[in-house]
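> Input structure: start18.cif, which contains mmCIF, C-alpha atoms and all ligand atoms.
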```
data_work
loop_
_atom_site.label_atom_id
_atom_site.label_comp_id
_atom_site.auth_asym_id
_atom_site.auth_seq_id
_atom_site.Cartn_x
_atom_site.Cartn_y
_atom_site.Cartn_z
CA MET D 1 39.96 37.69 105.11
CA ALA D 2 39.35 36.07 101.72
CA ARG D 3 40.36 37.82 98.49
CA THR D 4 39.53 35.06 96.02
CA ILE D 5 36.51 32.93 95.20
CA ALA D 6 38.65 29.82 95.80
CA ALA D 7 39.67 30.91 99.32
CA LEU D 8 36.08 31.89 100.14
CA ARG D 9 34.74 28.52 98.95
CA GLN D 10 37.35 26.62 100.94
CA THR D 11 36.24 28.32 104.19
CA VAL D 12 32.53 27.95 103.43
CA SER D 13 32.78 24.27 102.48
CA GLY D 14 34.70 23.60 105.73
CA TRP D 15 31.87 25.21 107.71
CA LYS D 16 29.22 23.30 105.79
CA ARG D 17 31.04 20.00 106.42
CA GLN D 18 30.81 20.81 110.14
CA GLY D 19 27.06 21.39 109.79
CA PHE D 20 27.17 25.18 110.26
CA THR D 21 24.63 27.42 108.50
CA VAL D 22 25.95 30.52 106.74
CA GLY D 23 24.58 34.07 106.82
CA PHE D 24 25.73 36.71 104.35
CA VAL D 25 25.77 40.51 104.33
CA PRO D 26 26.92 42.15 101.08
CA THR D 27 28.32 45.69 101.49
CA MET D 28 30.36 48.28 99.62
CA GLY D 29 32.41 48.99 102.76
CA ALA D 30 32.76 52.36 104.56
CA LEU D 31 30.83 50.54 107.25
CA HIS D 32 28.63 52.21 109.83
CA GLU D 33 26.26 51.06 112.55
CA GLY D 34 23.60 50.28 109.90
CA HIS D 35 25.82 47.63 108.30
CA LEU D 36 26.81 46.21 111.68
CA ALA D 37 23.12 45.79 112.55
CA LEU D 38 22.80 43.66 109.38
CA VAL D 39 25.76 41.54 110.51
CA ARG D 40 24.18 41.04 113.94
CA GLU D 41 20.85 40.16 112.32
CA ALA D 42 22.62 37.56 110.15
CA GLY D 43 24.31 36.26 113.31
CA GLN D 44 20.89 35.68 114.88
CA ARG D 45 19.90 33.58 111.87
CA ALA D 46 23.02 31.58 111.03
CA ASP D 47 26.02 29.94 112.74
CA ARG D 48 28.69 31.77 110.70
CA VAL D 49 28.45 35.23 109.09
CA ILE D 50 30.32 36.40 106.00
CA ALA D 51 30.32 40.05 104.91
CA SER D 52 31.59 41.15 101.52
CA VAL D 53 33.29 44.50 101.01
CA PHE D 54 33.29 45.31 97.31
CA VAL D 55 32.71 48.69 95.69
CA ASN D 56 30.88 47.37 92.66
CA PRO D 57 31.80 49.33 89.51
CA THR D 58 28.87 47.99 87.45
CA GLN D 59 26.29 49.82 89.59
CA PHE D 60 27.86 53.27 89.14
CA ALA D 61 27.26 55.41 86.04
CA ALA D 62 30.28 57.19 84.53
CA HIS D 63 29.31 60.53 86.12
CA GLU D 64 28.77 59.03 89.60
CA ASP D 65 31.06 58.73 92.63
CA LEU D 66 32.85 55.37 91.99
CA GLY D 67 36.29 57.04 92.22
CA SER D 68 35.55 59.02 95.37
CA TYR D 69 33.33 56.44 97.13
CA PRO D 70 34.79 56.13 100.67
CA ARG D 71 37.18 53.17 101.08
CA GLN D 72 38.51 52.14 104.51
CA GLU D 73 39.15 48.43 104.39
CA ALA D 74 41.27 48.01 107.54
CA ARG D 75 38.69 49.81 109.66
CA ASP D 76 35.90 47.79 108.02
CA ALA D 77 37.70 44.54 108.92
CA GLU D 78 37.92 45.58 112.57
CA LEU D 79 34.28 46.67 112.75
CA LEU D 80 33.11 43.42 111.15
CA ALA D 81 35.11 41.27 113.54
CA GLY D 82 33.67 43.25 116.46
CA ALA D 83 30.12 42.62 115.24
CA GLY D 84 30.67 38.86 115.08
CA CYS D 85 31.48 38.45 111.38
CA ALA D 86 33.58 35.29 110.91
CA LEU D 87 34.93 36.12 107.44
CA MET D 88 35.33 39.31 105.41
CA TYR D 89 35.34 38.69 101.66
CA ALA D 90 37.03 41.52 99.75
CA PRO D 91 37.70 40.48 96.16
CA ALA D 92 39.52 42.68 93.65
CA VAL D 93 37.55 44.00 90.68
CA GLU D 94 39.45 41.56 88.39
CA GLU D 95 38.40 38.62 90.58
CA MET D 96 34.75 39.62 90.38
CA TYR D 97 34.71 40.65 86.72
CA PRO D 98 37.08 38.78 84.39
CA ALA D 99 37.97 41.07 81.47
CA ASP D 100 36.00 38.94 78.98
CA ALA D 101 32.81 38.62 81.09
CA THR D 102 29.72 39.41 78.99
CA THR D 103 26.65 38.26 80.99
CA THR D 104 24.20 40.88 82.21
CA ILE D 105 21.00 40.65 84.27
CA SER D 106 17.85 42.70 83.77
CA VAL D 107 15.26 42.35 86.54
CA GLY D 108 12.48 44.21 84.69
CA ALA D 109 9.57 46.08 86.25
CA PRO D 110 10.61 46.26 89.94
CA ALA D 111 13.88 47.86 88.85
CA GLU D 112 12.42 50.42 86.45
CA ALA D 113 10.60 53.10 88.51
CA LEU D 114 11.88 55.37 91.32
CA GLU D 115 15.62 54.64 91.76
CA GLY D 116 15.63 52.80 88.44
CA ALA D 117 14.24 55.88 86.65
CA ALA D 118 16.75 58.22 88.30
CA ARG D 119 19.72 55.82 87.95
CA PRO D 120 18.89 53.52 84.99
CA HIS D 121 22.18 51.58 85.09
CA MET D 122 22.08 50.82 88.81
CA PHE D 123 19.87 47.79 89.43
CA GLY D 124 21.40 45.85 86.52
CA GLY D 125 24.76 46.21 88.26
CA VAL D 126 23.32 45.42 91.70
CA ALA D 127 21.50 42.32 90.39
CA LEU D 128 24.63 41.08 88.61
CA VAL D 129 26.95 41.48 91.58
CA VAL D 130 24.43 40.13 94.09
CA ALA D 131 23.72 37.06 91.91
CA LYS D 132 27.48 36.47 91.62
CA LEU D 133 28.07 36.99 95.35
CA LEU D 134 25.23 34.61 96.26
CA ASN D 135 26.69 31.99 93.90
CA GLN D 136 30.16 32.52 95.33
CA VAL D 137 29.18 32.43 99.03
CA GLN D 138 26.16 30.05 98.78
CA PRO D 139 24.68 31.30 102.06
CA ASP D 140 21.53 29.96 103.71
CA VAL D 141 20.34 33.49 104.45
CA ALA D 142 21.34 36.96 103.20
CA VAL D 143 20.43 40.21 104.99
CA PHE D 144 19.81 43.56 103.24
CA GLY D 145 18.93 46.94 104.74
CA GLU D 146 15.45 48.39 104.29
CA LYS D 147 17.14 51.77 103.76
CA ASP D 148 17.60 50.65 100.13
CA TYR D 149 14.03 49.42 100.03
CA GLN D 150 13.72 49.09 96.26
CA GLN D 151 17.02 47.20 96.16
CA LEU D 152 15.54 44.73 98.68
CA ILE D 153 12.44 44.24 96.47
CA VAL D 154 14.61 43.83 93.34
CA ILE D 155 16.80 41.23 95.06
CA LYS D 156 13.81 39.26 96.34
CA ARG D 157 12.50 39.13 92.78
CA LEU D 158 15.91 38.18 91.35
CA VAL D 159 16.31 35.32 93.81
CA ARG D 160 12.81 34.02 93.20
CA ASP D 161 13.01 34.31 89.40
CA LEU D 162 16.44 32.64 89.17
CA ASP D 163 15.67 29.99 91.84
CA ILE D 164 18.69 30.97 93.91
CA PRO D 165 18.42 28.84 97.07
CA VAL D 166 18.75 31.53 99.76
CA GLU D 167 16.38 33.27 102.16
CA ILE D 168 16.43 37.07 101.72
CA VAL D 169 15.78 39.06 104.91
CA GLY D 170 15.15 42.82 105.13
CA SER D 171 16.41 44.60 108.24
CA PRO D 172 15.04 47.96 109.55
CA THR D 173 16.92 51.20 108.83
CA ILE D 174 19.27 52.46 111.55
CA ARG D 175 19.07 56.25 112.14
CA ASP D 176 21.09 58.87 113.96
CA GLY D 177 19.59 60.68 116.98
CA HIS D 178 17.86 63.12 114.58
CA GLY D 179 16.21 60.47 112.42
CA LEU D 180 18.70 60.65 109.54
CA ALA D 181 19.14 57.20 107.96
CA LEU D 182 22.76 56.11 108.31
CA SER D 183 24.50 56.03 104.92
CA SER D 184 28.11 55.92 103.78
CA ARG D 185 27.30 58.96 101.62
CA ASN D 186 26.40 61.05 104.72
CA ALA D 187 30.20 61.50 104.99
CA TYR D 188 29.95 63.93 102.05
CA LEU D 189 27.69 66.36 104.01
CA SER D 190 28.85 69.60 105.66
CA GLU D 191 27.32 70.60 109.04
CA ASP D 192 24.77 72.87 107.30
CA GLN D 193 23.88 70.16 104.83
CA LEU D 194 23.44 67.66 107.67
CA GLU D 195 20.80 69.97 109.18
CA VAL D 196 18.87 69.83 105.90
CA ALA D 197 19.36 66.07 105.46
CA ARG D 198 17.88 65.46 108.90
CA ARG D 199 14.52 66.86 107.73
CA LEU D 200 14.00 64.07 105.18
CA ASN D 201 12.75 61.48 107.63
CA GLY D 202 10.33 63.96 109.29
CA VAL D 203 8.82 64.95 105.94
CA LEU D 204 8.30 61.28 105.06
CA ALA D 205 6.73 60.62 108.47
CA GLU D 206 4.30 63.54 107.91
CA ALA D 207 3.43 62.20 104.45
CA GLY D 208 2.81 58.75 105.92
CA ALA D 209 0.54 60.23 108.58
CA ARG D 210 -1.45 62.10 105.88
CA VAL D 211 -1.84 58.86 103.90
CA ALA D 212 -3.09 57.10 107.02
CA THR D 213 -5.86 59.73 107.37
CA GLY D 214 -7.04 58.94 103.82
CA ALA D 215 -5.56 61.95 101.98
CA ALA D 216 -5.24 61.57 98.18
CA LEU D 217 -1.81 60.27 97.19
CA PRO D 218 -0.97 62.82 94.45
CA ALA D 219 -1.65 65.66 96.93
CA VAL D 220 0.44 64.01 99.67
CA GLU D 221 3.34 63.44 97.27
CA ALA D 222 3.21 67.04 95.96
CA GLU D 223 3.07 68.49 99.49
CA ALA D 224 6.01 66.37 100.64
CA ARG D 225 8.04 67.46 97.60
CA GLU D 226 7.31 71.14 98.45
CA ALA D 227 8.21 70.53 102.10
CA LEU D 228 11.59 69.07 101.10
CA LEU D 229 12.40 72.04 98.86
CA HIS D 230 11.30 74.38 101.65
CA ALA D 231 13.57 72.50 104.11
CA GLY D 232 16.56 73.31 101.89
CA PHE D 233 16.89 70.30 99.56
CA SER D 234 18.12 71.59 96.22
CA HIS D 235 16.26 69.07 94.07
CA VAL D 236 13.77 66.24 94.64
CA ASP D 237 14.00 63.21 92.32
CA TYR D 238 10.79 61.67 93.67
CA VAL D 239 8.44 61.30 96.61
CA ALA D 240 6.14 58.33 96.08
CA VAL D 241 3.67 56.23 98.03
CA ARG D 242 3.75 52.67 96.67
CA ARG D 243 2.64 49.15 97.51
CA ALA D 244 5.08 47.78 100.08
CA ASP D 245 5.35 44.32 98.53
CA ASP D 246 6.25 45.20 94.92
CA LEU D 247 6.41 49.03 94.74
CA THR D 248 3.65 49.25 92.13
CA GLU D 249 1.32 52.26 92.22
CA PHE D 250 -2.04 52.25 93.96
CA GLU D 251 -4.74 52.40 91.32
CA GLY D 252 -7.37 55.07 92.02
CA GLY D 253 -4.93 56.98 94.23
CA SER D 254 -5.99 55.54 97.58
CA VAL D 255 -4.25 52.99 99.77
CA ASP D 256 -5.85 49.53 100.17
CA ALA D 257 -2.78 47.46 101.13
CA PRO D 258 0.44 47.94 103.16
CA ALA D 259 2.27 50.95 101.73
CA ARG D 260 5.70 52.50 101.79
CA VAL D 261 6.54 56.18 101.30
CA LEU D 262 9.89 56.64 99.52
CA ALA D 263 11.94 59.66 98.50
CA ALA D 264 15.20 60.67 96.86
CA ALA D 265 16.44 64.25 97.18
CA TRP D 266 19.65 66.20 96.74
CA VAL D 267 21.52 68.32 99.29
CA GLY D 268 24.10 70.11 97.19
CA LYS D 269 25.91 67.38 95.25
CA THR D 270 24.84 64.57 97.60
CA ARG D 271 21.82 62.43 96.76
CA LEU D 272 19.97 60.96 99.74
CA ILE D 273 17.24 58.31 99.81
CA ASP D 274 14.93 57.23 102.61
CA ASN D 275 11.63 55.40 103.09
CA LEU D 276 9.15 54.53 105.82
CA PRO D 277 6.28 52.09 106.21
CA VAL D 278 2.89 53.82 106.12
O1 LIG Q 1 23.59 48.12 99.14
C1 LIG Q 1 24.78 48.04 98.76
O2 LIG Q 1 25.71 48.43 99.47
C2 LIG Q 1 25.09 47.48 97.38
O3 LIG Q 1 24.13 47.86 96.46
C3 LIG Q 1 25.27 45.96 97.39
C4 LIG Q 1 23.99 45.22 97.76
C5 LIG Q 1 26.37 45.58 98.34
C6 LIG Q 1 25.67 45.48 95.99
O4 LIG Q 1 26.85 46.08 95.56
#
```
Show me, as structure tokens, the structure contained in the file I just sent.

Amino acid sequence: MARTIAALRQTVSGWKRQGFTVGFVPTMGALHEGHLALVREAGQRADRVIASVFVNPTQFAAHEDLGSYPRQEARDAELLAGAGCALMYAPAVEEMYPADATTTISVGAPAEALEGAARPHMFGGVALVVAKLLNQVQPDVAVFGEKDYQQLIVIKRLVRDLDIPVEIVGSPTIRDGHGLALSSRNAYLSEDQLEVARRLNGVLAEAGARVATGAALPAVEAEAREALLHAGFSHVDYVAVRRADDLTEFEGGSVDAPARVLAAAWVGKTRLIDNLPV
């Protein structure tokens, strides 16, 4: 395990001297099968895989769950080793953010709608920590889950706009036997809430099927929102059908390019997101 940028760089430069390529999977820990699939994907694409475990304070708002976010570092280390990760990088907050650090990153349009509208602070924090992690690790390839689809789009834009020399790969969402996207936050759900949460994917699949038959997008989005409330979700932040490549809206309300249907909804105090290709 590496705790410091210096220790990380020493290992990585040793690998590079030996001609090994490096794959990277950034995480906030509390690992599940979804993260391990990203590690395996990185292992298919590079000779050595590094995973970071860092609960990034700059992407949480003051009222969010930074303090209670699940932390289980020893278990994470074991799971990563089992999935073929060669090095876990788990820096302290002070290592990542010196007290006098002042630089921020604003990605602009791709970060503003959907998740960005519901959680305005979030993508600035994600972009900052991911830019720092990519500079620290200097991987050839980095793998991100499609579960956080907008995050993947934001990071692709960040890397292109800042000329960061890394290939960004999106990896399909891993689901439980009922279609629920695996998420560290699923740990917050009671049995009853899990039943509700498991409807999210089905509602999105129905919406996608309606889009494929040519139904008008505002109607599909409104129906899906109603279906989620009916299924027991307490609040729906958004259901939206967007262009898959940049998440902009379809003008004229009909789909003429690859699309993605995305949603965020609350079960009690837990906020869940999911998305599917249309
Ligand atoms: O997806 C996550 O777990 C986080 O947003 C990431 C990419 C590790 C940055 O903190």
> All residues within 10 Å of ligand LIG 1 (chain Q) are required, counting all atoms listed in the file; please report them as a ChimeraX atom specification.
/D:25-31,35,51-60,122-123,125-131,133,143-149,151-152,155,183-184
> What is the atom CA of Ala219 of chain D-atom CA of Leu182 of chain D distance in Å, reported with one decimal?
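Separation between atom CA of Ala219 of chain D and atom CA of Leu182 of chain D: 28.6 Å.
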> At a cut-off of 9 Å, using all atoms listed in the file, what residues contact Leu36 of chain D? Leave out same-chain residues fewer than 6 positions from it and give the result as a PyMOL selection string.
chain D and resi 79-80+82-84
> Within 7 Å of segment 106-118 of chain D, counting all atoms listed in the file, which residues show up once you throw out same-chain ones fewer than 5 positions away? Write them as a ChimeraX atom specification, please.
/D:123-124,154,158,237-238,246-247
> Taking all atoms listed in the file into account, name the residue in D:Cys85, D:Leu228, D:Ser234, D:Ala263 that is nearest to Val39 of chain D.
D:Cys85
> Please provide the set of residues having any atom within 7 Å of Pro139 of chain D, restricted to only C-alpha atoms, with same-chain residues fewer than 2 positions apart removed, written as a ChimeraX atom specification.
/D:22-24,134,137,141-142,166
> Between D:Ala90, D:Lys16, D:Thr103, D:Ala197, which is the closest to Ala74 of chain D once you count all atoms listed in the file?
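The closest residue to Ala74 of chain D is D:Ala90.
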> Looking at only C-alpha atoms, which of D:Phe233, D:Tyr188, D:Tyr97, D:Tyr89 is the one that sits closest to Arg3 of chain D?
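Under the stated criterion, the closest residue is D:Tyr89.
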> Taking all atoms listed in the file into account, which of D:Ala187, D:Leu229, D:Ala212, D:Ala257 comes nearest Arg242 of chain D?
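With all atoms listed in the file as the atom set, the closest residue is D:Ala257.
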> Between D:Gly232, D:Pro70, D:Gly14, D:Gly252, which residue has the minimum interatomic distance to Arg199 of chain D, considering only C-alpha atoms?
D:Gly232
> From the set D:Ile105, D:Leu66, D:Leu87, D:Ala216, which residue has the shortest atom-to-atom contact distance to Val12 of chain D, counting all atoms listed in the file?
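Of D:Ile105, D:Leu66, D:Leu87, D:Ala216, the one nearest Val12 of chain D is D:Leu87, counting all atoms listed in the file.
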> For segment 69-82 of chain D, where the input has fewer atoms than it should, I would like N, CA, C and O atoms rebuilt and written as a PDB file, in the coordinates of the input.

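That gives us part_20.pdb:
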```
ATOM      1  N   TYR D  69      34.110  57.167  96.125  1.00  0.00           N
ATOM      2  CA  TYR D  69      33.330  56.440  97.130  1.00  0.00           C
ATOM      3  C   TYR D  69      34.266  56.069  98.283  1.00  0.00           C
ATOM      4  O   TYR D  69      35.372  55.581  98.059  1.00  0.00           O
ATOM      5  N   PRO D  70      33.843  56.340  99.557  1.00  0.00           N
ATOM      6  CA  PRO D  70      34.790  56.130 100.670  1.00  0.00           C
ATOM      7  C   PRO D  70      35.268  54.677 100.778  1.00  0.00           C
ATOM      8  O   PRO D  70      34.473  53.746 100.705  1.00  0.00           O
ATOM      9  N   ARG D  71      36.603  54.509 100.923  1.00  0.00           N
ATOM     10  CA  ARG D  71      37.180  53.170 101.080  1.00  0.00           C
ATOM     11  C   ARG D  71      38.037  53.146 102.331  1.00  0.00           C
ATOM     12  O   ARG D  71      38.939  53.976 102.475  1.00  0.00           O
ATOM     13  N   GLN D  72      37.784  52.213 103.229  1.00  0.00           N
ATOM     14  CA  GLN D  72      38.510  52.140 104.510  1.00  0.00           C
ATOM     15  C   GLN D  72      38.535  50.700 104.981  1.00  0.00           C
ATOM     16  O   GLN D  72      37.946  50.355 106.002  1.00  0.00           O
ATOM     17  N   GLU D  73      39.251  49.878 104.216  1.00  0.00           N
ATOM     18  CA  GLU D  73      39.150  48.430 104.390  1.00  0.00           C
ATOM     19  C   GLU D  73      39.639  47.942 105.761  1.00  0.00           C
ATOM     20  O   GLU D  73      38.993  47.065 106.364  1.00  0.00           O
ATOM     21  N   ALA D  74      40.738  48.513 106.263  1.00  0.00           N
ATOM     22  CA  ALA D  74      41.270  48.010 107.540  1.00  0.00           C
ATOM     23  C   ALA D  74      40.276  48.275 108.664  1.00  0.00           C
ATOM     24  O   ALA D  74      40.014  47.408 109.513  1.00  0.00           O
ATOM     25  N   ARG D  75      39.682  49.481 108.639  1.00  0.00           N
ATOM     26  CA  ARG D  75      38.690  49.810 109.660  1.00  0.00           C
ATOM     27  C   ARG D  75      37.464  48.908 109.512  1.00  0.00           C
ATOM     28  O   ARG D  75      36.904  48.415 110.501  1.00  0.00           O
ATOM     29  N   ASP D  76      37.043  48.675 108.264  1.00  0.00           N
ATOM     30  CA  ASP D  76      35.900  47.790 108.020  1.00  0.00           C
ATOM     31  C   ASP D  76      36.155  46.410 108.611  1.00  0.00           C
ATOM     32  O   ASP D  76      35.271  45.817 109.236  1.00  0.00           O
ATOM     33  N   ALA D  77      37.370  45.892 108.418  1.00  0.00           N
ATOM     34  CA  ALA D  77      37.700  44.540 108.920  1.00  0.00           C
ATOM     35  C   ALA D  77      37.552  44.490 110.434  1.00  0.00           C
ATOM     36  O   ALA D  77      36.992  43.536 110.985  1.00  0.00           O
ATOM     37  N   GLU D  78      38.021  45.545 111.101  1.00  0.00           N
ATOM     38  CA  GLU D  78      37.920  45.580 112.570  1.00  0.00           C
ATOM     39  C   GLU D  78      36.459  45.639 113.015  1.00  0.00           C
ATOM     40  O   GLU D  78      36.041  44.935 113.939  1.00  0.00           O
ATOM     41  N   LEU D  79      35.689  46.512 112.365  1.00  0.00           N
ATOM     42  CA  LEU D  79      34.280  46.670 112.750  1.00  0.00           C
ATOM     43  C   LEU D  79      33.520  45.348 112.545  1.00  0.00           C
ATOM     44  O   LEU D  79      32.706  44.951 113.383  1.00  0.00           O
ATOM     45  N   LEU D  80      33.808  44.676 111.435  1.00  0.00           N
ATOM     46  CA  LEU D  80      33.110  43.420 111.150  1.00  0.00           C
ATOM     47  C   LEU D  80      33.442  42.369 112.197  1.00  0.00           C
ATOM     48  O   LEU D  80      32.549  41.676 112.707  1.00  0.00           O
ATOM     49  N   ALA D  81      34.718  42.256 112.526  1.00  0.00           N
ATOM     50  CA  ALA D  81      35.110  41.270 113.540  1.00  0.00           C
ATOM     51  C   ALA D  81      34.396  41.568 114.855  1.00  0.00           C
ATOM     52  O   ALA D  81      33.875  40.665 115.518  1.00  0.00           O
ATOM     53  N   GLY D  82      34.325  42.849 115.214  1.00  0.00           N
ATOM     54  CA  GLY D  82      33.670  43.250 116.460  1.00  0.00           C
ATOM     55  C   GLY D  82      32.184  42.935 116.490  1.00  0.00           C
ATOM     56  O   GLY D  82      31.587  42.750 117.552  1.00  0.00           O
TER      57      GLY D  82
END
```
